[in-house]
Amino acid sequence: MRKVAIVGVGMTRFCEDWKRGFRDLVLEAGRKALEDAKLSGAEIDGMYCGTMAPGRLIAQEHAGALLADWMGLNPVPSTRVEAACASGGVALRSGFLAVASGYHDCVVVGGVEKMTDVPGADVVSALGGAGDQEWELFPGATFPGIYALMARRHMLDYGTTEEQMASVAVKNHLNGSKNKYAQYQNVITLDTVLKSKVVASPLKVFDCSPVTDGAAALVLMPLDKAKAHSEMPIEIVASAQASDTLALHDRKSLTSMRATEVASKKAYEMAKVTPKDISVAEVHDCFTIAEILAIEDLGFVKKGQGGPASEAGKTALNSDISINTSGGLKACGHPVGATGIKQAVEVTWQLRGQANGRQVEDCDIGLTHNVGGSGATAVVHIMKRAY
Amino acid sequence: MAENIAITWRRIPERYRLAGTQCTTCKTKFFPPRKICSTCRRKGKIESFQFSGKGEIYSFSGVHSAPAGLELEIPYVLAIVQLVEGPKVTAQIVDCTENMVKFKDKVEFVFRKIRSDDPEGLIHYGYKFRLVK
């Protein structure tokens, strides 16, 4: 297996982007990534794009071919990858495997979601497709409702409080305020979260990630060829993925995501590192409780300590471990298929020392953690500088 | 999302009376009914199993932001109910408000309307649960 490096990254500003459509977003992110890699495009021999629900959100399937076409890359083989909210992370893993195997030498991996071209209720129902339609959504579950069931149980089992969950949103908005690509760049307080409207108790509006338009892209090459294209190649030292039951109720525990535990354990083994070695991590905070579960299941804190650690500021920028320096899904925004790729863009910037205004000091090793649904897919990547 | 008549008809035994399955090799019960046991795999033997409809609250939430079709229901109580036979199921808890519900409260199956597609469309029925006094 060959070593794989990221040689170029790019993303759009995440926002409600009324002026631009699906194709425009991918084109901008892809062009930025190619410019960053100093490539013309002729070198590209494979393409993967993560997008969750274009069929429901823009009435368009066949996104792989569409994107190769509109990026001017025909006849390069182009594959759409779908794993709900983990579509981006799984697309990255697909690109990684294609380069590692020796089959492709220069792969563009993109992620995109155009979410504001349909009414909000349609977005809610499209996102519901990440769960079990017949046995969760039909009887009346919503996605916030499913995460609320996890939150309530975590509160019962570990004493986690609504204030502790709120502190995750406050921290991520503070990080987002330092990121010009973030959807929300406003600083909020605990009161902002605690007094916001209840969506599914105990989760309130400010515990939830927003609806966002956006795209992100990466260029991958084998490490031995990467050095000719990039002064700052970032090696992907681990890529691991795991699956669990689609429905939350089928799991033994509601308070840990087994797919995250399994994927991260494999990733740490592959990278020969431990959670203590990670300086920066982009984790999947689709809801505040999800970040608390993530930092526990990834081994950054002990099970049950995610709430207190967040409240004590241990996950803030340049504290014990810098979590979601981009602002996370909460503040940077969550264009579903783009999220897993955006996480890798942010970690690349951090490792290169290019995260202006939110740079993690002595940043050597970074991790990304992308979850599909309520934890039925988890994908973890670990990256480090290769220069 | 609106469902066609066929899927509703196909799911009547499960939705109307909690019909499930069990693996007679390891005695694990499945609701919704599964056709393969992930523990025993090819050594498993799957047969029908009728659940009693009795269980307890495993986790719960008050849903205040409705999915399409349930706008008139909010706020409603959503829960994961652990059935006495083992499996957990996601369902609404009816005839109560959220502040009346506690962990481990006993509940029982009730047959209720779940939603209707539109004024002249199909009416979907199925399982909900209520607190046992």
# chains A, B, ... in the order shown; residues from 1 in each chain; ligands from 1

$ select_by_dssp --residues "range 291-372 of chain A" --states "strand (DSSP E or B)" --output "count of residues only"
10

$ interface_residues --of "chain B" --to "chain A" --cutoff "6 Å" --atoms "only C-alpha atoms" --output "VMD selection string"
chain B and resid 59 to 65 88 to 91

$ select_by_dssp --residues "range 293-379 of chain A" --states "helix (DSSP H, G or I)" --output "ChimeraX atom specification"
/A:293-297,306-311,328-332,336-352

$ residues_around --residues "range 54-57 of chain B" --least-positions-apart "2" --cutoff "9 Å" --atoms "only C-alpha atoms" --output "list in words"
Phe51, Ser52, Ser59, Phe60, Ala79, Ile80, Val81, Gln82, Leu83, Val84, Glu85, Gly86, Lys88, Val101, Lys102, Phe103, Lys104, Asp105, Lys106, Val107, Glu108, Phe109, Phe129 and Leu131 of chain B

$ write_last_selection --atoms "N, CA and C atoms" --output "CSV table (one decimal), in the first residue's frame"
chain,number,residue,atom,x,y,z
B,51,PHE,N,-45.0,-10.1,20.3
B,51,PHE,CA,-44.7,-9.4,21.5
B,51,PHE,C,-45.9,-9.1,22.3
B,52,SER,N,-45.7,-8.9,23.6
B,52,SER,CA,-46.9,-8.7,24.5
B,52,SER,C,-47.3,-7.3,24.5
B,59,SER,N,-35.6,5.9,27.2
B,59,SER,CA,-35.2,7.3,27.1
B,59,SER,C,-36.4,8.0,26.4
B,60,PHE,N,-36.5,9.4,26.6
B,60,PHE,CA,-37.6,10.1,26.1
B,60,PHE,C,-37.2,11.5,25.8
B,79,ALA,N,-40.2,8.4,22.5
B,79,ALA,CA,-39.5,7.6,23.5
B,79,ALA,C,-38.8,6.4,22.8
B,80,ILE,N,-37.8,5.8,23.5
B,80,ILE,CA,-37.4,4.5,23.2
B,80,ILE,C,-37.9,3.6,24.3
B,81,VAL,N,-38.7,2.7,24.0
B,81,VAL,CA,-39.4,1.8,24.9
B,81,VAL,C,-38.6,0.4,24.9
B,82,GLN,N,-38.2,0.0,26.1
B,82,GLN,CA,-37.6,-1.4,26.1
B,82,GLN,C,-38.8,-2.4,26.4
B,83,LEU,N,-39.0,-3.3,25.4
B,83,LEU,CA,-40.1,-4.2,25.6
B,83,LEU,C,-39.6,-5.3,26.6
B,84,VAL,N,-40.6,-5.9,27.3
B,84,VAL,CA,-40.2,-6.9,28.4
B,84,VAL,C,-39.5,-8.1,27.8
B,85,GLU,N,-39.7,-8.3,26.5
B,85,GLU,CA,-39.0,-9.5,25.8
B,85,GLU,C,-37.6,-9.1,25.4
B,86,GLY,N,-37.2,-7.8,25.5
B,86,GLY,CA,-35.8,-7.5,25.2
B,86,GLY,C,-35.6,-6.3,24.3
B,88,LYS,N,-35.7,-3.0,21.9
B,88,LYS,CA,-36.1,-1.6,22.1
B,88,LYS,C,-36.8,-1.1,20.9
B,101,VAL,N,-43.6,11.9,32.3
B,101,VAL,CA,-42.9,10.7,32.0
B,101,VAL,C,-41.5,10.6,32.7
B,102,LYS,N,-41.2,9.5,33.2
B,102,LYS,CA,-39.9,9.3,33.9
B,102,LYS,C,-39.2,8.0,33.3
B,103,PHE,N,-37.9,7.9,33.5
B,103,PHE,CA,-37.2,6.7,33.1
B,103,PHE,C,-37.8,5.5,33.9
B,104,LYS,N,-37.9,4.4,33.2
B,104,LYS,CA,-38.4,3.1,33.8
B,104,LYS,C,-39.9,3.1,34.0
B,105,ASP,N,-40.6,4.1,33.6
B,105,ASP,CA,-42.1,4.0,33.8
B,105,ASP,C,-42.6,2.9,32.9
B,106,LYS,N,-43.6,2.2,33.4
B,106,LYS,CA,-44.2,1.1,32.7
B,106,LYS,C,-45.1,1.6,31.6
B,107,VAL,N,-45.1,1.0,30.4
B,107,VAL,CA,-45.9,1.4,29.3
B,107,VAL,C,-46.5,0.2,28.6
B,108,GLU,N,-47.6,0.5,27.9
B,108,GLU,CA,-48.3,-0.6,27.2
B,108,GLU,C,-48.6,-0.2,25.8
B,109,PHE,N,-48.7,-1.1,24.8
B,109,PHE,CA,-49.0,-0.9,23.4
B,109,PHE,C,-50.4,-0.3,23.3
B,129,PHE,N,-47.5,3.9,22.6
B,129,PHE,CA,-47.6,3.4,23.9
B,129,PHE,C,-48.2,4.4,24.9
B,131,LEU,N,-48.7,5.3,29.3
B,131,LEU,CA,-48.2,5.0,30.6
B,131,LEU,C,-49.2,4.0,31.3

$ residues_around --residues "Gly20 in chain B" --least-positions-apart "6" --cutoff "6 Å" --atoms "only C-alpha atoms" --output "MDAnalysis selection string"
chainID B and resid 30:33 48:50

$ write_last_selection --atoms "N, CA and C atoms" --output "PDB file, in the first residue's frame"
ATOM      1  N   PHE B  30     -36.629 -10.247  18.045  1.00  0.00           N
ATOM      2  CA  PHE B  30     -36.405  -9.094  17.167  1.00  0.00           C
ATOM      3  C   PHE B  30     -37.679  -8.323  16.880  1.00  0.00           C
ATOM      4  N   PHE B  31     -37.649  -7.031  17.218  1.00  0.00           N
ATOM      5  CA  PHE B  31     -38.668  -6.124  16.717  1.00  0.00           C
ATOM      6  C   PHE B  31     -37.969  -4.842  16.285  1.00  0.00           C
ATOM      7  N   PRO B  32     -38.162  -4.376  15.053  1.00  0.00           N
ATOM      8  CA  PRO B  32     -38.887  -5.013  13.966  1.00  0.00           C
ATOM      9  C   PRO B  32     -38.301  -6.373  13.593  1.00  0.00           C
ATOM     10  N   PRO B  33     -39.138  -7.235  12.972  1.00  0.00           N
ATOM     11  CA  PRO B  33     -38.688  -8.596  12.669  1.00  0.00           C
ATOM     12  C   PRO B  33     -37.471  -8.630  11.743  1.00  0.00           C
ATOM     13  N   SER B  48     -41.520 -16.741  13.743  1.00  0.00           N
ATOM     14  CA  SER B  48     -42.357 -15.613  14.166  1.00  0.00           C
ATOM     15  C   SER B  48     -42.440 -15.554  15.680  1.00  0.00           C
ATOM     16  N   PHE B  49     -42.652 -14.355  16.175  1.00  0.00           N
ATOM     17  CA  PHE B  49     -42.800 -14.178  17.619  1.00  0.00           C
ATOM     18  C   PHE B  49     -43.743 -13.015  17.873  1.00  0.00           C
ATOM     19  N   GLN B  50     -44.723 -13.198  18.737  1.00  0.00           N
ATOM     20  CA  GLN B  50     -45.675 -12.140  19.054  1.00  0.00           C
ATOM     21  C   GLN B  50     -45.292 -11.453  20.370  1.00  0.00           C
TER      22      GLN B  50
END

$ closest_residue --among "B:Ile12, B:Ile7, B:Leu18, B:Leu70" --to "Ile114 in chain B" --atoms "only C-alpha atoms"
B:Leu70

$ residues_around --residues "Val168 in chain A" --least-positions-apart "4" --cutoff "12 Å" --atoms "only C-alpha atoms" --output "PyMOL selection string"
chain A and resi 161-164+172-175+188-190+193-194+206-209+283-295+306-316+323-325+327-331

$ atom_distance --atom1 "CA of Lys38 in chain A" --atom2 "CA of Ala386 in chain A"
17.5 Å

$ residues_around --residues "range 378-382 of chain A" --least-positions-apart "3" --cutoff "8 Å" --atoms "only C-alpha atoms" --output "mmCIF file with C-alpha atoms, in the first residue's frame"
data_model
loop_
_atom_site.group_PDB
_atom_site.id
_atom_site.type_symbol
_atom_site.label_atom_id
_atom_site.label_comp_id
_atom_site.auth_asym_id
_atom_site.auth_seq_id
_atom_site.Cartn_x
_atom_site.Cartn_y
_atom_site.Cartn_z
ATOM 1 C CA ALA A 86 -20.569 10.865 6.666
ATOM 2 C CA GLY A 89 -15.554 11.322 5.114
ATOM 3 C CA VAL A 90 -16.357 8.121 3.232
ATOM 4 C CA ILE A 236 -2.957 10.714 5.730
ATOM 5 C CA VAL A 237 -1.491 8.218 8.203
ATOM 6 C CA ALA A 238 -4.760 6.454 8.984
ATOM 7 C CA SER A 239 -8.172 5.931 7.436
ATOM 8 C CA ALA A 240 -10.720 3.755 9.206
ATOM 9 C CA GLN A 241 -14.457 3.259 9.014
ATOM 10 C CA ALA A 242 -17.032 1.222 10.953
ATOM 11 C CA SER A 243 -20.760 0.487 10.788
ATOM 12 C CA ALA A 259 -18.749 2.755 15.227
ATOM 13 C CA THR A 260 -16.674 5.701 16.474
ATOM 14 C CA ALA A 263 -13.019 3.174 13.748
ATOM 15 C CA SER A 264 -10.851 5.321 16.034
ATOM 16 C CA ALA A 267 -7.070 4.468 13.126
ATOM 17 C CA TYR A 268 -4.842 4.898 16.201
ATOM 18 C CA ALA A 271 -1.144 5.624 12.659
ATOM 19 C CA ILE A 365 -0.996 15.455 14.406
ATOM 20 C CA GLY A 366 -4.650 16.041 13.534
ATOM 21 C CA LEU A 367 -7.757 13.870 13.428
ATOM 22 C CA THR A 368 -11.102 14.066 11.643
ATOM 23 C CA HIS A 369 -14.237 12.245 12.807
ATOM 24 C CA ASN A 370 -17.324 12.146 10.592
ATOM 25 C CA VAL A 371 -20.563 10.396 11.581
ATOM 26 C CA GLY A 372 -23.480 9.242 9.442
ATOM 27 C CA GLY A 375 -23.815 6.634 14.457
#

$ residues_around --residues "Arg41 in chain B" --least-positions-apart "4" --cutoff "12 Å" --atoms "only C-alpha atoms" --output "count of residues only"
10
